[in-house]
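**Q** Below you will find the structure I want to go over with you.
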Number of protein chains: 6
Amino acid sequence: MFDLDSLLIRSLREDIGSGDITTESCVSADAISSGHFIAKEPGVICGIDIAARVFALVDSKIEFKVNSSDGNYVTQGMKIAEISGPSRGILTGERVALNLLQRLSGIATRTKMAACELQSSGAAITDTRKTTPGLRVLEKYAVRTGGGTNHRFGLSDGVLIKDNHIKAAGGITNAVRAARALAPHTIRIEVETETLLQVSESLEAGADIIMLDNMDTQTMEKAVKLIDGRALTEASGNMDSKSLAEVAATGVDFISMGALTHSVKSMDISLRFI
Amino acid sequence: MFDLDSLLIRSLREDIGSGDITTESCVSADAISSGHFIAKEPGVICGIDIAARVFALVDSKIEFKVNSSDGNYVTQGMKIAEISGPSRGILTGERVALNLLQRLSGIATRTKMAACELQSSGAAITDTRKTTPGLRVLEKYAVRTGGGTNHRFGLSDGVLIKDNHIKAAGGITNAVRAARALAPHTIRIEVETETLLQVSESLEAGADIIMLDNMDTQTMEKAVKLIDGRALTEASGNMDSKSLAEVAATGVDFISMGALTHSVKSMDISLRFI
Amino acid sequence: MFDLDSLLIRSLREDIGSGDITTESCVSADAISSGHFIAKEPGVICGIDIAARVFALVDSKIEFKVNSSDGNYVTQGMKIAEISGPSRGILTGERVALNLLQRLSGIATRTKMAACELQSSGAAITDTRKTTPGLRVLEKYAVRTGGGTNHRFGLSDGVLIKDNHIKAAGGITNAVRAARALAPHTIRIEVETETLLQVSESLEAGADIIMLDNMDTQTMEKAVKLIDGRALTEASGNMDSKSLAEVAATGVDFISMGALTHSVKSMDISLRFI
Amino acid sequence: MFDLDSLLIRSLREDIGSGDITTESCVSADAISSGHFIAKEPGVICGIDIAARVFALVDSKIEFKVNSSDGNYVTQGMKIAEISGPSRGILTGERVALNLLQRLSGIATRTKMAACELQSSGAAITDTRKTTPGLRVLEKYAVRTGGGTNHRFGLSDGVLIKDNHIKAAGGITNAVRAARALAPHTIRIEVETETLLQVSESLEAGADIIMLDNMDTQTMEKAVKLIDGRALTEASGNMDSKSLAEVAATGVDFISMGALTHSVKSMDISLRFI
Amino acid sequence: MFDLDSLLIRSLREDIGSGDITTESCVSADAISSGHFIAKEPGVICGIDIAARVFALVDSKIEFKVNSSDGNYVTQGMKIAEISGPSRGILTGERVALNLLQRLSGIATRTKMAACELQSSGAAITDTRKTTPGLRVLEKYAVRTGGGTNHRFGLSDGVLIKDNHIKAAGGITNAVRAARALAPHTIRIEVETETLLQVSESLEAGADIIMLDNMDTQTMEKAVKLIDGRALTEASGNMDSKSLAEVAATGVDFISMGALTHSVKSMDISLRFI
Amino acid sequence: MFDLDSLLIRSLREDIGSGDITTESCVSADAISSGHFIAKEPGVICGIDIAARVFALVDSKIEFKVNSSDGNYVTQGMKIAEISGPSRGILTGERVALNLLQRLSGIATRTKMAACELQSSGAAITDTRKTTPGLRVLEKYAVRTGGGTNHRFGLSDGVLIKDNHIKAAGGITNAVRAARALAPHTIRIEVETETLLQVSESLEAGADIIMLDNMDTQTMEKAVKLIDGRALTEASGNMDSKSLAEVAATGVDFISMGALTHSVKSMDISLRFI
């Protein structure tokens, strides 16, 4: 909440610099405008309250009425929100508000597509740490808005033992034991595996979650059977180029996909003045 | 320069939180590692010095050797850089460094493709303010790295008179005059036009740059002829879905494209330990 | 706007430190006062809304009524504003509010004097980057308030090629070409010249603005004739020690004067309690 | 020390914005320059180490050799310092370094003039809180450099009971007592007086310092005799328009002068490249 | 005031991180709760308005009614305050509010106990700089709330010449003279002494305050007689392990005790929902 | 790491304010000193590298040699570290360094005592969120240094369902289900229980950790048997007033104790100059 305001003020400063000279010169201080935010393509809205907050920070006299809340699916041409108030503030805040709204809606829309593919399976789509620096809280929120779940937020609220950690610790068993000793007991321990042998070792070491990384679906299926509910399972590795339904059919609990946040196509939304 | 460090520290804090518990538990404080940054697909590198700076901030004992400087085109499998030093720092900084390097290289690669399309024309590809909040300096740098030019940085270093400014000011002539009076004399004045009539009016009002927004190429061609070098010309409006060569053939000076920064596909780069 | 609040809070912190012990001990928390801001010498008011904002930040229950808006000329003894509310907040905020108001009014008054000298000429008085570190936005605002225009805000929103840039680039022509290639097309290019030869070369190189630096008025007049409207002209160099009217008579467009902001005599304004 | 770096970085950011486009385009990254800082008028140098620090922050490879330390009196044409290193950094940092150096030297020079007037008296020249917001630490340092002493830094490290505090507390005696009860015992209590009656009352109330505000010199002389060393005395009130020697002859201990910092004429210093 | 908000926001961020996942998942956004803050042991309340401010920052719709103001002594089971409003905000802010309230009340309670011991003497209990980094303003406020007085806030608002300063300056006389020359005249000069000889020397040097450090009570008594009102006296050195009444009987003016703030037992206060 | 420097700089600013006037006046800029940090009572050292960092930030020329690393038990009179370098920096940084070192060593010592009581049991001592605002990272580090383990860092890296969450969610089962749906799968879910009935319900709902809050040891023992290894168990509730050995004998996995951090007695450590 505090971080949101900090982020928005930082973003507004970045854009406004020493002042919006076009607006200040062309638009009088007491001019009033109103307009609509219009979806120019179908998608899942995310960030509408954030857009509203941007305008509130620019000028508290701007009124913002939300028609489609976060998570709503809208079709092309729909009015997402209405805005009215001092023209200067609306023009000055427009770009920052749209930049965030379009990006987050793009992420939510992409996540929703993945979630739909998984609808009849027991697997959930989940995100990664491959987010835009500075925007992680928002981008992970967009993933939830689109129907996905969140993986750990960062390095301090989850343990994910990767290849290099295993080597450095002298094997999976040592690594899991070391992590147990240091990590708060409120946190689960996940091990990244690439072979069935590593899956076995992780299970015996007491891993809570086993990541099946870059495995073909047959191996993944064997791994899931081997684990047999004794740990959570997470499929990973270029999942944007695979059939999610096929991956889900192996029985994994989670499918994590970096592309949800690292390769985003903004949703086309525009502000049309009346 | 100062802003870069602030941004990187903010990004590292976001990821590291209260500590990298996996690395701290599994990897001893005196362990040493080395590795290569590998391009997993062809593209234009951008942000390699920024990646180096991330690691320097995490641990000044990490050494980073750049093989491919910013602007270099690399093919799949090429080593972009080498890293060596304390394992903990390398593992802790890896994600933030890659998140930035991949994103900026994605932008540079996309820009280079556009610049190539325009190579035999007189037109330049240019960016917009549709950047990721907080990353504008870096994203505009990536556009230059890919061979594009920058439009104004933000609202204070350029005048761009749009539809709503024109209405509020009571016409193009008034708007240009008002902007001239307020804006530093070091800044040019640009007017957004959608019709030839507006182009004429802008010219007479003394606009320095005329944006030809959402015009079909025939109209654009007429506009360029009408202007006849008395103002710079900039084509705009969903340029990612058009043939840039065809647009350039109208004779415009600049083609601005929001998609360069608002819809980015990260370039696939990974850190492989030896 | 955000920067203003940051600046004011920083200024208040600087003055208040760990608390205003005089006021806290002598004045009860529920005491109420009112007073007037009085001009103790004639001048142009600037910063009255900033003063109001200082008090609003100290205690939102303080009421502040503006009698003379920014840009108004006031004579000695005139009431500029009225204030009323909690005595503690008024006493605690008084010094910071006055320090800003007096300084900005001093700049506006000095600028107005210069602008008056130029009234019947076609030249405008403009500022420089010789401002107080941290206060540039406000001091440039004060210059506009006094009837001057602003030069570029800083190093990123204007190109000003000086002697050393010319040497480093290998001549004026190279320098102008290099700047054109890097600078956004929304920004004009200015070259600093000291001789008519340099004026010619700048013109041919396509400079948009030519600074006539430390020239005597005869040379300046020749330069203006030589340029003949093909570029904007700016007279510069210890302009506070010259007759502005005489300089203006050469036909230059702008006269820039560092003394407007680097050598300021605060306007004498006091807060008198009733 | 930390605040200095924060202030300098803030000042550099203010000036540099998103980048020094003139220098980046005209000057190659490996160009080297050297130059001298020259006094263009006589004065007392102050801030030379601060100027050095500005360049160190811009580029740690810049070398800066001080010829005239803070407090030195220099004549017109003297070399104050030498600089050499990367041309880009020198050009980019020049303005901020000069803005600070010129302003602080201006304050030190003005203070030195006042201190000279008082040389044969027992009175010291002292500053006030009428400083530039954000620069108080530096400006008070400049006053000391010029041979003055500092009054309290801000509202928390000194008690100065003024007219309104007296009214609110119900008389001088009450005010002094209340301040004694709240203020740390390490802090002296000063009372502002305008009449001999108030002087008496302050003395009886146990004031440590008595300010003689806006008194003519005869009254001031009587006040000093009345006080007779039982409290420190401070003359105050438009001291820049009076004969300091005459005021000092009344026997006061301190003369405080707001103009030392609120109305500064920058000392003319320039950076000349070789 | 500004620092308070900064501190509270920093504390809330520290606790909330990327979000209160328990509350967000279990409690609906429109749920309403109310509760009481209950003293679970007797003590002096301090920080109740700060607790209120914490909740206001979390959610401005939370109402907070204070029953026992700062400085009130409460017995076990008493209601200190009532809270009502959105359940989410109350649950999310609870810990930070209590952490501050309990700590400050612990300090106030401990100070009150010391002040009571000194009630019939002329000595006051005072604090030191042995406070928790980041919380000094609040902890010194808690000392005042408990009936103590404050020593200097930090290194810039008081002079305390210790053993090492004396050695470095070449004796007490030199040290006092040097401090007088640099320190604002609004600040008193204190010397730390361990022997009667040092006390004499300090007196002659003109010290305003003499600290009697680690002296037995007989020596202290002699020192007080020797000083005879010509300077303030302050007893110091492990005062938490001594009889304050006995120390006070020596006639000292102040007794400073680091334990007031460096070794705090939080007062037990809880928030009970209705 | 970045947060540490921010915290230390904030702490130094708090103490130093506008300058250490005692040291600046009494100690010459080129004076050199050396000294030892001495334990004045036995305890577990924690924060020695942090103390070293404080001095490095004040003056990078200060050398600091650690004799007893964090976690070492020292007896009265032992030298913990040696320091040498510029006297001014040592004197100016001393208080902040000691304030942190003494506090963290106090926490580590207190934790070590608790850990020793539990040595022959299977239970671990763990901390809570009852830490000093702003110091949580350091205080939790001190708990680990003393042989304890950490509970969740804050509200975002663990789920702890308390009484009010249960009521709001409509029972334990609903609350656990809701938390599962929102929380990252990398985080465990803990439920606070006060009765055996709640323990049963939590188990059935699939809680990963069950807190046994304010239960007598008989009930606790029954709860542990009932749970029978199907969830982790944590004893909680005024544990500082109980026999830890007795609590551990019930078979719980963790004992959490707020007093480790909310009621700290600083360890007595001093800096003695040679």
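Identifiers for the structure tokens are assigned positionally: chains receive A, B, ... in sequence, residues are indexed from 1 per chain, and ligands are indexed from 1 in the order shown.
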For D:Leu118, please output as an MDAnalysis selection string all residues within 10 Å (counting only C-alpha atoms; exclusion window: fewer than 5 positions along the same chain).
**A** chainID D and resid 112:113 123:125 243:249 255
**Q** Within 12 Å of chain B, which residues of chain F show up when using only C-alpha atoms, listed as a CSV table (one decimal) with N, CA and C atoms, in the first residue's frame?
**A**
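out39.csv, freshly written:
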```
chain,number,residue,atom,x,y,z
F,1,MET,N,21.7,-6.2,3.3
F,1,MET,CA,23.0,-5.6,3.1
F,1,MET,C,22.8,-4.2,2.7
F,2,PHE,N,21.9,-3.9,1.7
F,2,PHE,CA,21.7,-2.5,1.4
F,2,PHE,C,20.9,-1.9,2.6
F,3,ASP,N,20.0,-2.7,3.2
F,3,ASP,CA,19.2,-2.2,4.3
F,3,ASP,C,20.1,-1.9,5.5
F,4,LEU,N,21.1,-2.7,5.7
F,4,LEU,CA,22.0,-2.5,6.8
F,4,LEU,C,22.6,-1.1,6.6
F,5,ASP,N,23.2,-0.8,5.5
F,5,ASP,CA,23.8,0.5,5.3
F,5,ASP,C,22.8,1.6,5.5
F,6,SER,N,21.6,1.5,5.0
F,6,SER,CA,20.6,2.5,5.2
F,6,SER,C,20.3,2.7,6.6
F,135,LEU,N,14.4,-2.7,13.3
F,135,LEU,CA,15.6,-3.5,13.6
F,135,LEU,C,15.3,-5.0,13.4
F,136,ARG,N,14.2,-5.4,12.8
F,136,ARG,CA,13.9,-6.8,12.8
F,136,ARG,C,14.9,-7.7,12.2
F,137,VAL,N,15.5,-7.3,11.0
F,137,VAL,CA,16.5,-8.2,10.4
F,137,VAL,C,17.6,-8.4,11.4
F,138,LEU,N,18.1,-7.4,12.1
F,138,LEU,CA,19.2,-7.6,13.0
F,138,LEU,C,18.8,-8.4,14.2
F,139,GLU,N,17.6,-8.1,14.7
F,139,GLU,CA,17.3,-8.8,16.0
F,139,GLU,C,17.0,-10.3,15.7
F,140,LYS,N,16.5,-10.6,14.5
F,140,LYS,CA,16.3,-12.0,14.2
F,140,LYS,C,17.6,-12.7,13.9
F,141,TYR,N,18.6,-11.9,13.4
F,141,TYR,CA,19.9,-12.5,13.2
F,141,TYR,C,20.5,-12.8,14.6
F,150,ASN,N,14.4,-18.9,13.7
F,150,ASN,CA,13.5,-17.8,13.4
F,150,ASN,C,12.1,-18.3,13.0
F,152,ARG,N,8.4,-16.9,11.2
F,152,ARG,CA,8.3,-16.1,10.0
F,152,ARG,C,8.8,-14.7,10.2
F,153,PHE,N,9.3,-14.0,9.1
F,153,PHE,CA,9.9,-12.7,9.2
F,153,PHE,C,8.8,-11.7,9.5
F,154,GLY,N,7.7,-11.8,8.7
F,154,GLY,CA,6.6,-10.8,8.8
F,154,GLY,C,5.3,-11.4,8.3
F,156,SER,N,4.0,-11.5,5.4
F,156,SER,CA,3.9,-12.0,4.0
F,156,SER,C,4.7,-13.3,3.7
F,157,ASP,N,5.4,-13.7,4.7
F,157,ASP,CA,6.2,-15.0,4.4
F,157,ASP,C,5.8,-16.1,5.3
```
**Q** Just how far from atom CA of B:Thr145 is atom CA of B:Ser69, in Å to one decimal?
**A**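 Atom CA of B:Ser69 sits 10.2 Å away from atom CA of B:Thr145.
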**Q** Can you check which residues of stretch 25-218 of chain D DSSP gives as strand (DSSP E) on the backbone and send them as a ChimeraX atom specification?
**A** /D:32-39,43-44,63-66,73-74,79-86,124-126,159-161,189-193,209-213
**Q** Please write the residues from the selection above to a file, keeping N, CA and C atoms, as a compact mmCIF listing (two decimals), in the first residue's frame.
**A**
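Written output follows (part_25.txt):
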```txt
# COMPACT_ATOMS: atom_id res chain seq x y z
N ILE D 32 40.22 13.21 -22.49
CA ILE D 32 40.80 13.66 -21.22
C ILE D 32 40.97 15.18 -21.29
N SER D 33 40.67 15.88 -20.20
CA SER D 33 40.87 17.33 -20.17
C SER D 33 41.50 17.74 -18.85
N SER D 34 41.97 18.98 -18.82
CA SER D 34 42.40 19.53 -17.55
C SER D 34 42.12 21.03 -17.57
N GLY D 35 42.01 21.59 -16.38
CA GLY D 35 41.67 23.00 -16.30
C GLY D 35 41.94 23.57 -14.92
N HIS D 36 41.69 24.87 -14.80
CA HIS D 36 41.90 25.57 -13.54
C HIS D 36 40.61 26.25 -13.10
N PHE D 37 40.41 26.25 -11.80
CA PHE D 37 39.35 27.09 -11.24
C PHE D 37 40.00 28.43 -10.91
N ILE D 38 39.47 29.50 -11.49
CA ILE D 38 40.06 30.83 -11.38
C ILE D 38 39.12 31.78 -10.65
N ALA D 39 39.66 32.51 -9.69
CA ALA D 39 38.87 33.56 -9.04
C ALA D 39 38.79 34.74 -10.00
N GLY D 43 38.12 37.42 -2.94
CA GLY D 43 37.16 36.92 -1.97
C GLY D 43 37.73 35.81 -1.11
N VAL D 44 36.88 35.28 -0.23
CA VAL D 44 37.26 34.19 0.66
C VAL D 44 36.69 32.90 0.10
N GLU D 63 40.74 13.83 -11.14
CA GLU D 63 41.64 14.28 -10.07
C GLU D 63 41.44 15.76 -9.83
N PHE D 64 41.52 16.12 -8.56
CA PHE D 64 41.21 17.49 -8.15
C PHE D 64 42.27 17.92 -7.16
N LYS D 65 43.03 18.97 -7.49
CA LYS D 65 44.09 19.43 -6.61
C LYS D 65 43.73 20.83 -6.10
N VAL D 66 43.64 20.94 -4.77
CA VAL D 66 43.26 22.21 -4.15
C VAL D 66 44.48 23.10 -3.97
N TYR D 73 41.98 33.82 1.55
CA TYR D 73 41.57 34.99 0.78
C TYR D 73 42.33 34.95 -0.54
N VAL D 74 41.63 35.09 -1.65
CA VAL D 74 42.30 35.06 -2.95
C VAL D 74 42.04 36.36 -3.69
N LYS D 79 44.63 31.00 -9.21
CA LYS D 79 44.17 29.63 -9.42
C LYS D 79 43.76 29.04 -8.08
N ILE D 80 42.52 28.65 -7.98
CA ILE D 80 42.03 28.10 -6.71
C ILE D 80 42.27 26.60 -6.67
N ALA D 81 42.11 25.95 -7.83
CA ALA D 81 42.26 24.50 -7.86
C ALA D 81 42.55 24.06 -9.29
N GLU D 82 43.09 22.85 -9.42
CA GLU D 82 43.33 22.27 -10.74
C GLU D 82 42.53 20.98 -10.85
N ILE D 83 42.05 20.72 -12.04
CA ILE D 83 41.26 19.51 -12.25
C ILE D 83 41.75 18.82 -13.51
N SER D 84 41.75 17.49 -13.49
CA SER D 84 42.10 16.77 -14.71
C SER D 84 41.44 15.41 -14.69
N GLY D 85 41.20 14.87 -15.88
CA GLY D 85 40.57 13.55 -15.97
C GLY D 85 39.59 13.50 -17.12
N PRO D 86 38.70 12.51 -17.09
CA PRO D 86 37.75 12.31 -18.18
C PRO D 86 36.95 13.59 -18.48
N ALA D 124 31.20 39.36 18.23
CA ALA D 124 31.32 38.41 17.12
C ALA D 124 30.13 38.55 16.20
N ILE D 125 30.37 38.29 14.89
CA ILE D 125 29.26 38.30 13.94
C ILE D 125 28.69 36.88 13.91
N THR D 126 27.37 36.76 13.92
CA THR D 126 26.76 35.43 13.97
C THR D 126 25.59 35.35 12.99
N VAL D 159 16.86 27.60 22.52
CA VAL D 159 15.56 28.16 22.88
C VAL D 159 15.66 29.66 22.60
N LEU D 160 14.75 30.16 21.80
CA LEU D 160 14.71 31.60 21.54
C LEU D 160 13.26 32.04 21.73
N ILE D 161 13.03 32.67 22.85
CA ILE D 161 11.67 33.06 23.22
C ILE D 161 11.37 34.43 22.62
N ILE D 189 18.98 29.43 27.31
CA ILE D 189 17.68 30.04 27.01
C ILE D 189 17.89 31.51 26.68
N GLU D 190 17.38 31.88 25.50
CA GLU D 190 17.53 33.25 25.03
C GLU D 190 16.15 33.90 24.95
N VAL D 191 16.09 35.17 25.31
CA VAL D 191 14.83 35.91 25.23
C VAL D 191 15.04 37.12 24.32
N GLU D 192 14.07 37.32 23.43
CA GLU D 192 14.11 38.49 22.54
C GLU D 192 13.45 39.67 23.25
N THR D 193 14.17 40.79 23.37
CA THR D 193 13.59 41.96 24.06
C THR D 193 13.66 43.17 23.14
N ILE D 209 20.76 34.27 27.66
CA ILE D 209 21.12 35.17 26.57
C ILE D 209 19.98 36.16 26.37
N ILE D 210 20.30 37.40 26.17
CA ILE D 210 19.26 38.40 25.93
C ILE D 210 19.50 39.04 24.57
N MET D 211 18.49 38.88 23.71
CA MET D 211 18.59 39.51 22.39
C MET D 211 18.03 40.92 22.46
N LEU D 212 18.82 41.86 21.96
CA LEU D 212 18.39 43.27 21.93
C LEU D 212 17.96 43.54 20.50
N ASP D 213 16.63 43.51 20.30
CA ASP D 213 16.12 43.50 18.94
C ASP D 213 15.63 44.86 18.50
```
**Q** For the alpha helix (DSSP H) assignment from backbone DSSP, which residues of stretch 92-187 of chain D qualify? Please present them as an MDAnalysis selection string.
**A** chainID D and resid 92:117 136:145 163:169 172:182
**Q** Near B:Ala168, counting only C-alpha atoms, which residues have an atom at most 8 Å away, once you skip same-chain residues fewer than 5 positions from it, shown as a list in words?
**A** Cys26, Val27, Ser28 and Ala31 of chain A
**Q** So how many Å separate atom CA of A:Arg103 and atom CA of A:Leu271, to one decimal?
**A**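 Atom CA of A:Leu271 lies 15.0 Å from atom CA of A:Arg103.
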**Q** Rank nothing, just name the residue among E:Leu101, E:Met267, E:Glu24, E:Ala29 nearest to E:Ile48, using only C-alpha atoms.
**A**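 The closest residue to E:Ile48 is E:Leu101.
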